[in-house]
Amino acid sequence: MTSTAVITVADLAAGAADADLLDADACPHRPLIVLDLDAGSTPSAAECEVAVRRARESDRLLVGRTSRSAPHCPPPLLDALDLTLVRAARDHLCTADAASTPTVLAAEDPLAEAETLRAHAEDQPHAALVLRQLLRLASRLSVEQALDAESFAYSTLLGGPGFARWLGARGERPQPPQAGDEPVLASRQGSTLRITLNRPERRNAHSARMRDALTAAVSTAIWDTGITEVVLDGNGPSFCSGGDLDEFGTAPDLATAHLIRTRAGAARQLHAIRGRLTSRLHGHCVGAGIELPAFGARVVAAPDTLIRLPELGMGLIPGAGGTVSIPRRIGRWRTLYLVLDGRVLQADRALAWGLVDQVEQS
């Protein structure tokens, strides 16, 4: 059966999302299909049961939408879909999200929002589809296993056409000068260790040098049980503007890049001290700037905090642990939205979702 861009629950049950994912040139075809939960007649219980099974088995992203403030469909279907958009007024988005389950997200215009997500998936289909597979898989794995899976997926996409296109459009960029200051500062007062990202001139962009310094600082807390609290913050106008773009694509090979991410990166170590870790965010928190602090048991955001996961536009997915840390806070559905949408999430909505635990002036 040929798939279309928008289908009903009955269409889904009848196999409308089951057409071959790859076209004759092995390119993904219609990577995201929108499920209109308002259209068509009310599906029977049997149709819903079949629709749930087909959604779980689908190779495509399936995003539900409704003009209502709550979807009129059974919870198993919402769970099986990749995301469901419901309607809420702009000034009630946070309230609507806080009152709903993680499978549902409020939008001022669910129809337009669904089309935006579909367009983004069409633009970077490989990354969008890999993201879907990874988020569903990682929920069944331990944190350590999920971090390995994320890195495997990320390395795959580094060799893909989407990243190659982004890299070509970016062009050659000279390596930034290495500042003389330490990229990470660590200080201890009593049983508290404060770790501060310290590249304010680069908005604390996460470079290889910063990565190594951060892991060295965190390792102190791992081995010193006398440290009962670790505070992670950043100097300058932003907590962290994400991975240093000047270093993207500079790894000697994909296998080495995988080992560096998983065995030299900070994600595993931050997870190891998660019960003692408080992350304090402010300003821009992009990519790694939210992926890493989200491992903490407590995340405190200043009112000016702006969160964004822009990796899809580069043909990639979060690669600093974000497909592991963030879903464990807000669920795979809203994590998918953050990546597919790519726009800024403000502190108040991050609080409503549970991505941060408190908003307070720093």
# chains A, B, ... in the order shown; residues from 1 in each chain; ligands from 1
>>> select_by_dssp(residues="segment 70-211 of chain A", states="strand (DSSP E or B)", output="list in words")
Leu83, Thr84, Leu85, Val86, Arg87, Val104, Leu105, Ala106, Ala107, Val184, Leu185, Ala186, Ser187, Arg188, Gln189, Thr192, Leu193, Arg194, Ile195, Thr196, Leu197 and His206 of chain A
>>> closest_residue(among="A:Thr192, A:Cys285, A:Asp341, A:Glu122", to="Cys27 of chain A", atoms="only C-alpha atoms")
A:Glu122
>>> closest_residue(among="A:Pro183, A:Gly321, A:Gly313, A:Pro125", to="Val339 of chain A", atoms="only C-alpha atoms")
A:Gly313
>>> closest_residue(among="A:Leu83, A:Ala19, A:Val286, A:Ala128", to="Arg203 of chain A", atoms="only C-alpha atoms")
A:Val286
>>> residues_around(residues="Gly315 of chain A", least_positions_apart="6", cutoff="6 Å", atoms="only C-alpha atoms", output="CSV table (one decimal) with C-alpha atoms, in the first residue's frame")
chain,number,residue,atom,x,y,z
A,124,GLN,CA,17.6,15.0,7.0
A,127,ALA,CA,19.4,11.3,11.0
A,162,GLY,CA,23.5,14.6,5.6
A,163,PHE,CA,26.7,15.4,7.6
>>> select_by_dssp(residues="segment 169-275 of chain A", states="alpha helix (DSSP H)", output="PyMOL selection string")
chain A and resi 169-170+208-223+254-259+267-272
>>> residues_around(residues="Arg136 of chain A", least_positions_apart="5", cutoff="12 Å", atoms="only C-alpha atoms", output="PyMOL selection string")
chain A and resi 56-59+61+79-82+129-131+141+146+149-150+323-324+327+331-333+335-336
>>> closest_residue(among="A:Ile7, A:Ala114, A:Leu355, A:Ala208", to="Val299 of chain A", atoms="only C-alpha atoms")
A:Leu355
>>> residues_around(residues="Gln346 of chain A", least_positions_apart="4", cutoff="7 Å", atoms="only C-alpha atoms", output="list of chain:residue names")
A:Thr305, A:Leu306, A:Ile307, A:Ala350
>>> residues_around(residues="Gly354 of chain A", least_positions_apart="6", cutoff="9 Å", atoms="only C-alpha atoms", output="PyMOL selection string")
chain A and resi 98+329-330
>>> residues_around(residues="Gly319 of chain A", least_positions_apart="2", cutoff="10 Å", atoms="only C-alpha atoms", output="JSON, numbers by chain")
{"A": [147, 150, 151, 152, 153, 154, 155, 243, 258, 261, 262, 267, 287, 288, 291, 311, 316, 317, 321, 322, 323, 324]}
>>> write_last_selection(atoms="C-alpha atoms", output="mmCIF file, in the first residue's frame")
data_model
loop_
_atom_site.group_PDB
_atom_site.id
_atom_site.type_symbol
_atom_site.label_atom_id
_atom_site.label_comp_id
_atom_site.auth_asym_id
_atom_site.auth_seq_id
_atom_site.Cartn_x
_atom_site.Cartn_y
_atom_site.Cartn_z
ATOM 1 C CA LEU A 147 25.788 5.444 25.518
ATOM 2 C CA GLU A 150 24.319 6.363 20.764
ATOM 3 C CA SER A 151 27.958 6.517 19.732
ATOM 4 C CA PHE A 152 27.558 3.713 17.185
ATOM 5 C CA ALA A 153 24.636 5.605 15.672
ATOM 6 C CA TYR A 154 26.501 8.910 15.734
ATOM 7 C CA SER A 155 29.527 7.384 14.000
ATOM 8 C CA GLY A 243 30.367 21.164 20.631
ATOM 9 C CA HIS A 258 33.573 6.209 18.789
ATOM 10 C CA ARG A 261 33.227 9.608 22.741
ATOM 11 C CA THR A 262 32.503 6.591 24.920
ATOM 12 C CA ALA A 267 28.930 11.208 29.994
ATOM 13 C CA GLY A 287 23.900 20.274 22.360
ATOM 14 C CA ALA A 288 26.423 19.015 24.896
ATOM 15 C CA GLU A 291 23.123 16.636 27.241
ATOM 16 C CA GLU A 311 22.217 18.345 15.574
ATOM 17 C CA LEU A 316 23.529 14.135 13.105
ATOM 18 C CA ILE A 317 21.886 13.274 16.423
ATOM 19 C CA GLY A 321 24.941 11.431 25.800
ATOM 20 C CA GLY A 322 21.736 13.351 25.087
ATOM 21 C CA THR A 323 19.749 10.390 23.753
ATOM 22 C CA VAL A 324 20.402 8.779 27.147
#
>>> closest_residue(among="A:Thr250, A:Gln361, A:Thr156, A:Ser325", to="Ala302 of chain A", atoms="only C-alpha atoms")
A:Gln361
>>> closest_residue(among="A:Glu172, A:Asp233, A:Asp244, A:Asp91", to="Ser207 of chain A", atoms="only C-alpha atoms")
A:Asp244
